[in-house]
>>> print(open('my_file_0.txt').read())   # compact mmCIF, C-alpha atoms and all ligand atoms
# COMPACT_ATOMS: atom_id res chain seq x y z
CA MET A 239 17.58 -13.31 -12.42
CA THR A 240 17.87 -11.37 -9.17
CA ALA A 241 20.15 -8.32 -9.09
CA THR A 242 22.57 -7.94 -6.20
CA PRO A 243 24.68 -4.90 -5.32
CA PRO A 244 27.66 -4.77 -7.73
CA ALA A 245 30.88 -6.37 -6.42
CA ARG A 246 32.64 -2.97 -6.20
CA TRP A 247 30.29 -2.07 -3.32
CA GLU A 248 30.90 -5.28 -1.37
CA GLY A 249 31.05 -4.48 2.34
CA LEU A 250 29.45 -1.06 1.79
CA THR A 251 25.85 -2.27 1.49
CA CYS A 252 23.51 -4.80 3.06
CA THR A 253 20.25 -6.34 1.86
CA GLN A 254 18.47 -6.44 5.23
CA ARG A 255 18.11 -4.39 8.39
CA ARG A 256 17.69 -6.17 11.71
CA ILE A 257 13.99 -5.35 12.00
CA LYS A 258 10.84 -6.93 10.60
CA ASP A 259 8.18 -4.59 9.24
CA PHE A 260 5.06 -6.80 9.59
CA THR A 261 3.25 -5.78 6.43
CA LEU A 262 0.13 -7.34 4.85
CA ASP A 263 2.11 -10.12 3.17
CA ASP A 264 3.43 -11.22 6.58
CA ASN A 265 -0.19 -11.78 7.62
CA LEU A 266 -1.45 -13.83 4.68
CA PRO A 267 -1.97 -17.57 5.20
CA ASP A 268 0.76 -19.85 3.89
CA LEU A 269 -0.73 -21.73 0.93
CA GLY A 270 2.04 -24.31 0.73
CA THR A 271 3.20 -25.80 -2.57
CA PRO A 272 0.50 -26.49 -5.22
CA PRO A 273 0.17 -30.16 -6.21
CA GLU A 274 2.29 -30.90 -9.28
CA THR A 275 -0.45 -32.79 -11.07
CA SER A 276 -3.01 -29.97 -10.98
CA ARG A 277 -2.27 -28.56 -14.46
CA ARG A 278 -1.36 -31.69 -16.40
CA HIS A 279 -4.88 -32.55 -17.59
CA GLU A 280 -5.98 -31.29 -21.02
CA PRO A 281 -9.00 -28.95 -21.05
CA VAL A 282 -12.30 -30.64 -21.89
CA ALA A 283 -14.37 -27.43 -22.09
CA GLY A 284 -13.80 -24.22 -24.05
CA ALA A 285 -13.75 -20.55 -23.06
CA GLY A 286 -17.21 -19.85 -24.53
CA ALA A 287 -17.66 -16.59 -26.44
CA LEU A 288 -14.02 -15.66 -25.76
CA GLU A 289 -12.93 -18.37 -28.24
CA VAL A 290 -14.00 -16.23 -31.23
CA LEU A 291 -11.48 -13.50 -30.39
CA PRO A 292 -8.01 -13.53 -32.00
CA ILE A 293 -5.42 -14.37 -29.33
CA GLU A 294 -3.85 -10.87 -29.53
CA ILE A 295 -7.21 -9.21 -28.78
CA LEU A 296 -8.00 -11.74 -26.06
CA ASP A 297 -4.62 -11.09 -24.39
CA GLU A 298 -5.28 -7.35 -24.44
CA VAL A 299 -8.77 -7.84 -22.93
CA LEU A 300 -7.39 -10.05 -20.15
CA HIS A 301 -4.47 -7.67 -19.56
CA GLN A 302 -6.91 -4.82 -18.90
CA LEU A 303 -9.32 -6.89 -16.81
CA ASP A 304 -9.57 -6.21 -13.07
CA LEU A 305 -7.76 -8.76 -10.89
CA ARG A 306 -10.88 -10.09 -9.18
CA SER A 307 -12.58 -10.87 -12.50
CA LEU A 308 -9.35 -12.32 -13.90
CA THR A 309 -9.05 -14.61 -10.86
CA TYR A 310 -12.69 -15.75 -11.20
CA LEU A 311 -12.23 -16.31 -14.94
CA ARG A 312 -9.16 -18.41 -14.22
CA LEU A 313 -11.24 -20.66 -11.96
CA VAL A 314 -13.97 -21.37 -14.56
CA ASN A 315 -12.23 -24.35 -16.21
CA ARG A 316 -8.83 -25.60 -17.40
CA ARG A 317 -9.11 -23.74 -20.71
CA THR A 318 -9.67 -20.32 -19.07
CA MET A 319 -6.95 -21.15 -16.53
CA GLY A 320 -4.59 -21.82 -19.44
CA LEU A 321 -5.53 -18.54 -21.15
CA VAL A 322 -4.88 -16.48 -18.00
CA ASP A 323 -1.67 -18.34 -17.10
CA ALA A 324 -0.33 -17.78 -20.64
CA LEU A 325 -0.70 -14.01 -20.29
CA PRO A 326 2.92 -12.71 -20.03
CA GLN A 327 2.01 -9.97 -17.54
CA TYR A 328 0.08 -12.39 -15.31
CA SER A 329 3.00 -14.79 -15.46
CA ASP A 330 5.37 -11.97 -14.30
CA ILE A 331 2.99 -11.18 -11.43
CA ILE A 332 2.80 -14.81 -10.31
CA ARG A 333 6.58 -15.15 -10.47
CA HIS A 334 7.59 -11.88 -8.78
CA ALA A 335 4.54 -10.36 -7.04
CA SER A 336 2.26 -13.24 -6.06
CA ASN A 337 2.22 -11.84 -2.50
CA ALA A 338 0.80 -8.57 -3.85
CA LEU A 339 -1.89 -10.40 -5.86
CA ARG A 340 -2.86 -12.49 -2.84
CA GLY A 341 -2.88 -9.35 -0.68
CA ILE A 342 -5.12 -7.50 -3.16
CA LEU A 343 -7.61 -10.39 -3.19
CA ALA A 344 -7.48 -10.72 0.62
CA ILE A 345 -8.25 -7.04 1.33
CA GLY A 346 -10.86 -6.85 -1.47
CA THR A 347 -9.27 -4.22 -3.75
CA GLY A 348 -9.13 -6.48 -6.80
CA SER A 349 -12.24 -4.88 -8.37
CA TRP A 350 -10.49 -1.64 -9.27
CA ILE A 351 -6.92 -2.80 -9.83
CA SER A 352 -6.30 -4.26 -13.29
CA CYS A 353 -3.69 -6.82 -14.23
CA LYS A 354 -2.09 -4.03 -16.29
CA ALA A 355 -1.94 -1.67 -13.27
CA LEU A 356 -0.28 -4.26 -11.01
CA HIS A 357 2.18 -5.23 -13.74
CA THR A 358 3.02 -1.56 -14.37
CA SER A 359 3.73 -1.07 -10.64
CA LEU A 360 5.85 -4.24 -10.60
CA CYS A 361 7.90 -2.71 -13.44
CA THR A 362 8.20 0.71 -11.74
CA ALA A 363 11.42 1.25 -9.76
CA ARG A 364 10.87 4.50 -7.94
CA CYS A 365 8.49 5.62 -5.21
CA GLU A 366 5.65 7.57 -6.83
CA LEU A 367 5.78 10.20 -4.08
CA CYS A 368 9.48 10.96 -3.48
CA ARG A 369 11.31 9.23 -6.41
CA ASP A 370 13.63 7.20 -4.14
CA PHE A 371 13.82 3.48 -4.94
CA GLY A 372 10.49 1.99 -3.80
CA GLY A 373 10.57 -1.47 -2.27
CA PHE A 374 6.83 -1.72 -1.53
CA LEU A 375 3.38 -1.54 -3.14
CA TYR A 376 0.42 0.22 -1.50
CA LEU A 377 -2.37 -2.18 -2.49
CA LEU A 378 -5.37 0.10 -2.00
CA THR A 379 -4.48 2.00 -5.17
CA CYS A 380 -1.50 -0.04 -6.40
CA LYS A 381 1.17 2.66 -5.96
CA ARG A 382 4.92 1.95 -5.80
CA VAL A 383 6.14 3.49 -2.52
CA CYS A 384 9.18 3.60 -0.21
CA PHE A 385 9.26 2.90 3.53
CA LEU A 386 9.60 6.55 4.57
CA CYS A 387 6.58 7.63 2.49
CA LEU A 388 4.39 4.74 3.61
CA SER A 389 5.17 5.50 7.26
CA LEU A 390 5.05 9.31 7.10
CA ASN A 391 2.89 10.52 4.19
CA ASP A 392 -0.82 11.14 4.92
CA VAL A 393 -1.76 10.00 1.39
CA LEU A 394 -0.75 6.43 2.33
CA LEU A 395 -2.72 6.25 5.59
CA PRO A 396 -6.09 4.54 4.92
CA LEU A 397 -8.85 5.92 7.14
CA PRO A 398 -11.82 4.40 8.98
CA PRO A 399 -15.04 5.64 7.28
CA SER A 400 -16.08 7.74 10.32
CA HIS A 401 -12.70 9.51 10.31
CA ALA A 402 -12.83 10.11 6.53
CA CYS A 403 -16.35 11.62 6.85
CA ARG A 404 -15.30 13.87 9.72
CA LYS A 405 -12.03 14.99 8.13
CA PHE A 406 -13.40 15.75 4.65
CA GLY A 407 -17.01 16.77 5.39
CA LEU A 408 -18.57 13.67 3.79
CA LYS A 409 -21.56 11.40 4.53
CA ARG A 410 -21.24 7.62 4.50
CA HIS A 411 -22.95 7.28 1.11
CA HIS A 412 -20.25 9.50 -0.47
CA LEU A 413 -17.70 6.76 0.34
CA ALA A 414 -19.59 3.95 -1.41
CA ASP A 415 -17.70 4.15 -4.74
CA LEU A 416 -14.26 5.05 -3.35
CA PRO A 417 -11.37 2.56 -3.12
CA GLN A 418 -11.67 0.84 0.23
CA MET A 419 -10.45 -2.35 1.86
CA LYS A 420 -11.13 -4.84 4.63
CA THR A 421 -8.23 -5.37 7.00
CA VAL A 422 -6.84 -8.87 7.47
CA PRO A 423 -6.56 -9.50 11.25
CA GLY A 424 -2.96 -9.97 12.34
CA THR A 425 0.19 -8.21 13.55
CA TYR A 426 1.29 -5.02 11.78
CA SER A 427 4.10 -2.43 11.83
CA PRO A 428 7.63 -2.81 13.25
CA ASN A 429 6.00 -2.08 16.64
CA ARG A 430 3.95 -5.32 16.28
CA LYS A 431 0.47 -3.87 16.85
CA ASN A 432 -2.43 -6.30 16.62
CA ILE A 433 -5.52 -5.83 14.47
CA LEU A 434 -8.13 -8.19 15.85
CA ARG A 435 -11.06 -7.97 13.42
CA PRO A 436 -11.67 -7.09 9.76
CA ASP A 437 -12.39 -3.35 9.61
CA THR A 438 -13.19 -1.21 6.58
CA LEU A 439 -10.66 1.47 5.64
CA VAL A 440 -10.99 4.06 2.86
CA ASP A 441 -8.21 5.45 0.66
CA HIS A 442 -7.16 8.82 2.08
CA GLU A 443 -6.53 10.61 -1.22
CA HIS A 444 -9.78 9.51 -2.90
CA ALA A 445 -11.76 10.58 0.20
CA ARG A 446 -10.01 13.97 0.21
CA LEU A 447 -10.77 14.51 -3.50
CA ALA A 448 -14.41 13.48 -2.92
CA GLY A 449 -14.62 16.12 -0.16
CA ILE A 450 -13.12 18.84 -2.38
CA ASN A 451 -15.49 17.84 -5.20
CA LEU A 452 -18.52 17.94 -2.89
CA HIS A 453 -17.70 21.32 -1.31
CA GLY A 454 -16.39 22.96 -4.49
CA SER A 455 -12.81 23.70 -3.35
CA LEU A 456 -10.19 22.75 -0.77
CA ALA A 457 -10.78 26.03 1.09
CA ALA A 458 -14.58 25.51 1.17
CA MET A 459 -14.13 21.94 2.44
CA GLU A 460 -11.73 23.02 5.19
CA GLN A 461 -14.06 25.85 6.24
CA TYR A 462 -17.07 23.48 6.42
CA VAL A 463 -15.11 20.92 8.45
CA SER A 464 -13.63 23.44 10.91
CA GLN A 465 -17.01 25.18 11.45
CA LYS A 466 -18.76 21.85 12.03
CA GLN A 467 -16.04 20.78 14.48
CA ALA A 468 -16.30 24.12 16.32
CA ARG A 469 -20.11 23.75 16.63
CA MET A 470 -19.73 20.23 18.03
CA LEU A 471 -17.12 21.38 20.57
CA GLU A 472 -19.31 24.33 21.56
CA ALA A 473 -22.29 22.01 22.14
CA TYR A 474 -20.09 19.65 24.14
CA ASN A 475 -18.71 22.47 26.33
CA ALA A 476 -22.22 23.90 26.92
CA ARG A 477 -23.40 20.47 28.05
CA GLN A 478 -20.66 20.37 30.72
CA THR A 479 -22.27 23.27 32.64
CA GLU A 480 -25.93 22.14 32.27
CA ARG A 481 -27.91 21.11 35.36
CA ASP A 482 -31.06 19.01 35.54
CA SER A 483 -34.25 20.07 37.40
CA SER A 484 -32.77 18.89 40.72
CA GLY A 485 -29.59 20.93 40.17
CA ARG A 486 -27.32 17.96 39.45
CA PRO A 487 -24.86 18.10 36.50
CA VAL A 488 -26.27 16.59 33.28
CA ARG A 489 -24.40 13.44 32.25
CA ALA A 490 -21.62 14.57 29.91
CA ARG A 491 -21.64 13.46 26.26
CA ARG A 492 -18.53 12.01 24.68
CA ARG A 493 -16.10 14.69 23.54
CA PRO A 494 -16.12 15.03 19.70
CA PRO A 495 -13.17 13.03 18.26
CA ALA A 496 -10.20 15.04 16.96
CA LEU A 497 -10.00 15.65 13.21
CA ASP A 498 -6.45 14.23 13.23
CA PRO A 499 -5.93 11.64 15.98
CA LEU A 500 -2.35 10.75 16.92
CA ASP A 501 -0.84 9.05 13.87
CA GLY A 502 2.00 6.98 15.34
CA GLN A 503 3.65 6.91 11.86
CA SER A 504 5.83 3.78 11.59
CA GLY A 505 4.07 2.48 14.74
CA ASN A 506 0.60 2.91 13.21
CA PRO A 507 -0.69 -0.54 12.14
CA HIS A 508 -3.10 1.02 9.60
CA ARG A 509 -0.06 2.19 7.61
CA PHE A 510 0.94 -1.46 7.00
CA VAL A 511 -2.39 -3.22 6.35
CA ALA A 512 -2.27 -2.54 2.58
CA ILE A 513 1.51 -2.88 2.09
CA ALA A 514 3.41 -5.70 0.40
CA ARG A 515 7.13 -5.84 -0.24
CA VAL A 516 7.50 -6.29 -4.01
CA PRO A 517 10.72 -6.22 -6.06
CA TRP A 518 11.20 -4.11 -9.17
CA LEU A 519 11.16 -6.03 -12.45
CA ASP A 520 13.30 -4.26 -15.04
CA ARG A 521 11.36 -4.76 -18.31
CA ALA A 522 14.44 -4.35 -20.50
CA SER A 523 16.90 -6.69 -18.77
CA ARG A 524 14.25 -8.91 -17.02
CA ARG A 525 16.34 -8.56 -13.86
CA VAL A 526 14.63 -8.34 -10.50
CA GLU A 527 15.87 -5.79 -7.96
CA ARG A 528 14.80 -5.94 -4.30
CA GLY A 529 16.92 -2.98 -3.25
CA PHE A 530 19.72 -2.73 -0.71
CA TYR A 531 20.70 -0.48 2.18
CA CYS A 532 23.69 1.82 2.52
CA GLY A 533 26.30 0.72 5.09
CA GLY A 534 27.24 4.38 5.68
CA CYS A 535 23.70 5.37 6.71
CA GLU A 536 23.05 2.68 9.32
CA LYS A 537 23.01 5.12 12.24
CA SER A 538 21.28 8.09 10.58
CA SER A 539 17.59 8.90 10.77
CA ARG A 540 17.58 12.00 8.54
CA LYS A 541 17.22 12.15 4.77
CA PRO A 542 19.14 11.81 2.49
CA CYS A 543 21.02 9.38 4.77
CA HIS A 544 18.08 7.73 6.56
CA TRP A 545 18.82 4.10 7.54
CA ARG A 546 15.47 3.02 6.01
CA ILE A 547 16.22 4.18 2.44
CA LEU A 548 16.56 1.35 -0.08
CA PHE A 549 18.74 1.78 -3.15
CA ALA A 550 19.12 0.30 -6.61
CA ALA A 551 22.43 0.62 -8.47
CA ASP A 552 21.52 3.96 -10.11
CA THR A 553 20.15 5.63 -6.97
CA PHE A 554 23.16 4.39 -4.94
CA GLU A 555 25.53 6.02 -7.45
CA GLU A 556 23.61 9.29 -6.93
CA HIS A 557 23.69 8.80 -3.16
CA LEU A 558 27.48 8.35 -3.10
CA ALA A 559 27.93 11.37 -5.36
CA ASN A 560 25.77 13.52 -3.06
CA CYS A 561 26.83 12.21 0.37
CA GLY A 562 30.41 11.08 -0.28
CA GLU A 563 32.20 7.72 -0.54
CA ILE A 564 32.02 5.38 2.45
CA LYS A 565 35.11 4.85 4.63
CA ASP A 566 35.08 3.00 7.98
CA GLY A 567 31.29 2.68 7.81
CA LYS A 568 30.65 6.43 7.32
CA HIS A 569 30.23 8.83 4.43
CA CYS A 570 33.29 11.04 3.86
CA THR A 571 32.66 14.42 2.32
CA THR A 572 36.35 15.25 1.71
ZN ZN B 1 8.91 7.72 -1.11
ZN ZN B 2 24.51 6.27 2.79
>>> encode(input="my_file_0.txt", output="structure tokens", more="lines below")
Ligand SMILES: [Zn+2]
Ligand SMILES: [Zn+2]
Amino acid sequence: MTATPPARWEGLTCTQRRIKDFTLDDNLPDLGTPPETSRRHEPVAGAGALEVLPIEILDEVLHQLDLRSLTYLRLVNRRTMGLVDALPQYSDIIRHASNALRGILAIGTGSWISCKALHTSLCTARCELCRDFGGFLYLLTCKRVCFLCLSLNDVLLPLPPSHACRKFGLKRHHLADLPQMKTVPGTYSPNRKNILRPDTLVDHEHARLAGINLHGSLAAMEQYVSQKQARMLEAYNARQTERDSSGRPVRARRRPPALDPLDGQSGNPHRFVAIARVPWLDRASRRVERGFYCGGCEKSSRKPCHWRILFAADTFEEHLANCGEIKDGKHCTT
């Protein structure tokens, strides 16, 4: 059952803004409808050693399995497909967050996201960073997030490996075990920026923690990075005034890249390559909430009345209490 804004708020809310965000799930291929006959045959093979486990233990094992392994297991034969499909959490994911599962498999983050982690995020209502209602999942680390955090917060901006190394004082081999993804070529962000080839991107927060761990502290990491950047700039500037033996200027090297290139925020396609819009599944009521927008905030771009904030019933009650009831399309504070 899908929740809608309660009738008492009719005319004060809307479920869509007139803009498309172009997230990862907008760039996944359309698989069409599966053939109806595909699951009607009885299994002819078993699940091997898994058959000796009591069903409760087997369910718990599958629940905690990473999504890539679970997907491979499901493809072994009809018996394993039946075991995975019967898992209640997997069934919830297929029903309400199949776009997130497909996104995770497409960008290659299924090895470190378990079925349990994705189901927990599906059943989490609020953004893990700001506690507003979160209408999206960040599929590099499976966090529930809101639009403002995914477009503004550094933690949710995946980085190219060269940028992560430069920014956090790391070498390439330090990134090997960190959560990373391959981009799916396509069109991303409300500004419709194209990504033409599959590039590797690393999770910002894990790279930052790896840098702090390597250098011993945040201060030591920042000092190492700023000193290294200063040395590179110094070498670059010295090169500009060098002359060869015939007195001609030496060909200039490329200027060292900035530690923080222009972000672009909601216009930065890298902020949308690991994002899927996923509703909140309320475990208790089994209702699904996609969130809705406030009609009184349509023209505001400042929190707590930003036009991009999604609400569920409880957060909308709080919003009206804090910002005032809505009259003639605006909040009234009197
Ligand atoms: Zn947020
Ligand atoms: Zn409002």
>>> residues_near_ligand(input="my_file_0.txt", ligand="ligand ZN 2 (chain B)", cutoff="7 Å", atoms="only C-alpha atoms and all ligand atoms", output="ChimeraX atom specification")
/A:532-535,543,557-558,561,569
>>> closest_residue(input="my_file_0.txt", among="A:Ile331, A:Leu397, A:Cys387, A:Val463", to="ligand ZN 1 (chain B)", atoms="all atoms listed in the file")
A:Cys387
>>> residues_near_ligand(input="my_file_0.txt", ligand="ligand ZN 1 (chain B)", cutoff="12 Å", atoms="all atoms listed in the file", output="JSON, numbers by chain")
{"A": [363, 364, 365, 366, 367, 368, 369, 370, 371, 372, 373, 374, 375, 376, 381, 382, 383, 384, 385, 386, 387, 388, 389, 390, 391, 392, 393, 394, 541, 542, 544, 546, 547, 548, 549]}
>>> write_last_selection(input="my_file_0.txt", atoms="C-alpha atoms", output="compact mmCIF listing (two decimals), in the frame of the given file")
# COMPACT_ATOMS: atom_id res chain seq x y z
CA ALA A 363 11.42 1.25 -9.76
CA ARG A 364 10.87 4.50 -7.94
CA CYS A 365 8.49 5.62 -5.21
CA GLU A 366 5.65 7.57 -6.83
CA LEU A 367 5.78 10.20 -4.08
CA CYS A 368 9.48 10.96 -3.48
CA ARG A 369 11.31 9.23 -6.41
CA ASP A 370 13.63 7.20 -4.14
CA PHE A 371 13.82 3.48 -4.94
CA GLY A 372 10.49 1.99 -3.80
CA GLY A 373 10.57 -1.47 -2.27
CA PHE A 374 6.83 -1.72 -1.53
CA LEU A 375 3.38 -1.54 -3.14
CA TYR A 376 0.42 0.22 -1.50
CA LYS A 381 1.17 2.66 -5.96
CA ARG A 382 4.92 1.95 -5.80
CA VAL A 383 6.14 3.49 -2.52
CA CYS A 384 9.18 3.60 -0.21
CA PHE A 385 9.26 2.90 3.53
CA LEU A 386 9.60 6.55 4.57
CA CYS A 387 6.58 7.63 2.49
CA LEU A 388 4.39 4.74 3.61
CA SER A 389 5.17 5.50 7.26
CA LEU A 390 5.05 9.31 7.10
CA ASN A 391 2.89 10.52 4.19
CA ASP A 392 -0.82 11.14 4.92
CA VAL A 393 -1.76 10.00 1.39
CA LEU A 394 -0.75 6.43 2.33
CA LYS A 541 17.22 12.15 4.77
CA PRO A 542 19.14 11.81 2.49
CA HIS A 544 18.08 7.73 6.56
CA ARG A 546 15.47 3.02 6.01
CA ILE A 547 16.22 4.18 2.44
CA LEU A 548 16.56 1.35 -0.08
CA PHE A 549 18.74 1.78 -3.15
>>> atom_distance(input="my_file_0.txt", atom1="CA of Arg477 in chain A", atom2="CA of Leu497 in chain A")
20.6 Å
>>> residues_around(input="my_file_0.txt", residues="Leu262 in chain A", least_positions_apart="6", cutoff="9 Å", atoms="all atoms listed in the file", output="VMD selection string")
chain A and resid 337 to 338 341 421 to 422 424 to 426 510 to 515
>>> write_last_selection(input="my_file_0.txt", atoms="C-alpha atoms", output="PDB file, in the frame of the given file")
ATOM      1  CA  ASN A 337       2.220 -11.840  -2.500  1.00  0.00           C
ATOM      2  CA  ALA A 338       0.800  -8.570  -3.850  1.00  0.00           C
ATOM      3  CA  GLY A 341      -2.880  -9.350  -0.680  1.00  0.00           C
ATOM      4  CA  THR A 421      -8.230  -5.370   7.000  1.00  0.00           C
ATOM      5  CA  VAL A 422      -6.840  -8.870   7.470  1.00  0.00           C
ATOM      6  CA  GLY A 424      -2.960  -9.970  12.340  1.00  0.00           C
ATOM      7  CA  THR A 425       0.190  -8.210  13.550  1.00  0.00           C
ATOM      8  CA  TYR A 426       1.290  -5.020  11.780  1.00  0.00           C
ATOM      9  CA  PHE A 510       0.940  -1.460   7.000  1.00  0.00           C
ATOM     10  CA  VAL A 511      -2.390  -3.220   6.350  1.00  0.00           C
ATOM     11  CA  ALA A 512      -2.270  -2.540   2.580  1.00  0.00           C
ATOM     12  CA  ILE A 513       1.510  -2.880   2.090  1.00  0.00           C
ATOM     13  CA  ALA A 514       3.410  -5.700   0.400  1.00  0.00           C
ATOM     14  CA  ARG A 515       7.130  -5.840  -0.240  1.00  0.00           C
TER      15      ARG A 515
END
>>> residues_around(input="my_file_0.txt", residues="range 400-404 of chain A", least_positions_apart="4", cutoff="12 Å", atoms="all atoms listed in the file", output="VMD selection string")
chain A and resid 395 to 396 408 to 414 416 418 437 to 449 452 459 to 460 462 to 467 470 494 to 499
>>> residues_around(input="my_file_0.txt", residues="Ser504 in chain A", least_positions_apart="3", cutoff="8 Å", atoms="all atoms listed in the file", output="list in words")
Ser389, Leu390, Ser427, Pro428, Asn429, Pro507 and Arg509 of chain A
>>> residues_around(input="my_file_0.txt", residues="range 550-555 of chain A", least_positions_apart="5", cutoff="7 Å", atoms="only C-alpha atoms", output="list in words")
Pro243, Phe371, Gly529 and Phe530 of chain A
>>> residues_around(input="my_file_0.txt", residues="Asp330 in chain A", least_positions_apart="2", cutoff="10 Å", atoms="all atoms listed in the file", output="number ranges by chain")
A: 323, 325-328, 332-336, 357, 360-361, 519, 524
>>> atom_distance(input="my_file_0.txt", atom1="CA of Leu339 in chain A", atom2="CA of Arg528 in chain A")
17.3 Å
>>> atom_distance(input="my_file_0.txt", atom1="CA of Asn506 in chain A", atom2="CA of Ile351 in chain A")
24.9 Å
>>> closest_residue(input="my_file_0.txt", among="A:Gln302, A:Asn315, A:Thr479, A:Thr309", to="Thr358 in chain A", atoms="all atoms listed in the file")
A:Gln302
>>> residues_near_point(input="my_file_0.txt", point="(-4.3, -15.1, -25.0)", cutoff="10 Å", atoms="all atoms listed in the file", output="tab-separated table (two decimals) with C-alpha atoms, in the coordinates of the input")
chain	number	residue	atom	x	y	z
A	288	LEU	CA	-14.02	-15.66	-25.76
A	289	GLU	CA	-12.93	-18.37	-28.24
A	291	LEU	CA	-11.48	-13.50	-30.39
A	292	PRO	CA	-8.01	-13.53	-32.00
A	293	ILE	CA	-5.42	-14.37	-29.33
A	294	GLU	CA	-3.85	-10.87	-29.53
A	295	ILE	CA	-7.21	-9.21	-28.78
A	296	LEU	CA	-8.00	-11.74	-26.06
A	297	ASP	CA	-4.62	-11.09	-24.39
A	298	GLU	CA	-5.28	-7.35	-24.44
A	299	VAL	CA	-8.77	-7.84	-22.93
A	300	LEU	CA	-7.39	-10.05	-20.15
A	301	HIS	CA	-4.47	-7.67	-19.56
A	318	THR	CA	-9.67	-20.32	-19.07
A	320	GLY	CA	-4.59	-21.82	-19.44
A	321	LEU	CA	-5.53	-18.54	-21.15
A	322	VAL	CA	-4.88	-16.48	-18.00
A	323	ASP	CA	-1.67	-18.34	-17.10
A	324	ALA	CA	-0.33	-17.78	-20.64
A	325	LEU	CA	-0.70	-14.01	-20.29
A	326	PRO	CA	2.92	-12.71	-20.03
>>> build_atoms(input="my_file_0.txt", residues="range 508-513 of chain A", atoms="all heavy atoms", output="mmCIF file, keeping the file's coordinate frame")
data_model
loop_
_atom_site.group_PDB
_atom_site.id
_atom_site.type_symbol
_atom_site.label_atom_id
_atom_site.label_comp_id
_atom_site.auth_asym_id
_atom_site.auth_seq_id
_atom_site.Cartn_x
_atom_site.Cartn_y
_atom_site.Cartn_z
ATOM 1 N N HIS A 508 -2.325 0.751 10.816
ATOM 2 C CA HIS A 508 -3.100 1.020 9.600
ATOM 3 C C HIS A 508 -2.202 1.403 8.420
ATOM 4 O O HIS A 508 -2.609 1.295 7.268
ATOM 5 C CB HIS A 508 -4.127 2.136 9.847
ATOM 6 C CG HIS A 508 -5.327 1.647 10.599
ATOM 7 N ND1 HIS A 508 -6.361 2.462 10.963
ATOM 8 C CD2 HIS A 508 -5.660 0.418 11.047
ATOM 9 C CE1 HIS A 508 -7.281 1.761 11.601
ATOM 10 N NE2 HIS A 508 -6.874 0.518 11.679
ATOM 11 N N ARG A 509 -0.982 1.844 8.705
ATOM 12 C CA ARG A 509 -0.060 2.190 7.610
ATOM 13 C C ARG A 509 0.540 0.951 6.946
ATOM 14 O O ARG A 509 1.203 1.064 5.927
ATOM 15 C CB ARG A 509 1.069 3.097 8.132
ATOM 16 C CG ARG A 509 0.597 4.514 8.460
ATOM 17 C CD ARG A 509 1.782 5.433 8.670
ATOM 18 N NE ARG A 509 1.373 6.824 8.809
ATOM 19 C CZ ARG A 509 1.176 7.662 7.788
ATOM 20 N NH1 ARG A 509 1.357 7.227 6.554
ATOM 21 N NH2 ARG A 509 0.800 8.897 7.995
ATOM 22 N N PHE A 510 0.312 -0.240 7.523
ATOM 23 C CA PHE A 510 0.940 -1.460 7.000
ATOM 24 C C PHE A 510 -0.067 -2.496 6.507
ATOM 25 O O PHE A 510 0.331 -3.524 5.975
ATOM 26 C CB PHE A 510 1.855 -2.070 8.077
ATOM 27 C CG PHE A 510 3.012 -1.172 8.419
ATOM 28 C CD1 PHE A 510 2.860 -0.141 9.337
ATOM 29 C CD2 PHE A 510 4.232 -1.321 7.780
ATOM 30 C CE1 PHE A 510 3.913 0.719 9.622
ATOM 31 C CE2 PHE A 510 5.288 -0.467 8.053
ATOM 32 C CZ PHE A 510 5.127 0.562 8.981
ATOM 33 N N VAL A 511 -1.378 -2.201 6.688
ATOM 34 C CA VAL A 511 -2.390 -3.220 6.350
ATOM 35 C C VAL A 511 -2.606 -3.393 4.851
ATOM 36 O O VAL A 511 -3.227 -4.368 4.423
ATOM 37 C CB VAL A 511 -3.749 -2.915 7.033
ATOM 38 C CG1 VAL A 511 -3.658 -3.090 8.526
ATOM 39 C CG2 VAL A 511 -4.249 -1.529 6.651
ATOM 40 N N ALA A 512 -2.108 -2.432 4.037
ATOM 41 C CA ALA A 512 -2.270 -2.540 2.580
ATOM 42 C C ALA A 512 -0.910 -2.552 1.885
ATOM 43 O O ALA A 512 -0.802 -2.196 0.716
ATOM 44 C CB ALA A 512 -3.125 -1.386 2.060
ATOM 45 N N ILE A 513 0.136 -2.950 2.620
ATOM 46 C CA ILE A 513 1.510 -2.880 2.090
ATOM 47 C C ILE A 513 2.077 -4.279 1.855
ATOM 48 O O ILE A 513 1.965 -5.153 2.716
ATOM 49 C CB ILE A 513 2.421 -2.112 3.073
ATOM 50 C CG1 ILE A 513 1.944 -0.659 3.228
ATOM 51 C CG2 ILE A 513 3.878 -2.162 2.629
ATOM 52 C CD1 ILE A 513 2.060 0.201 1.990
#
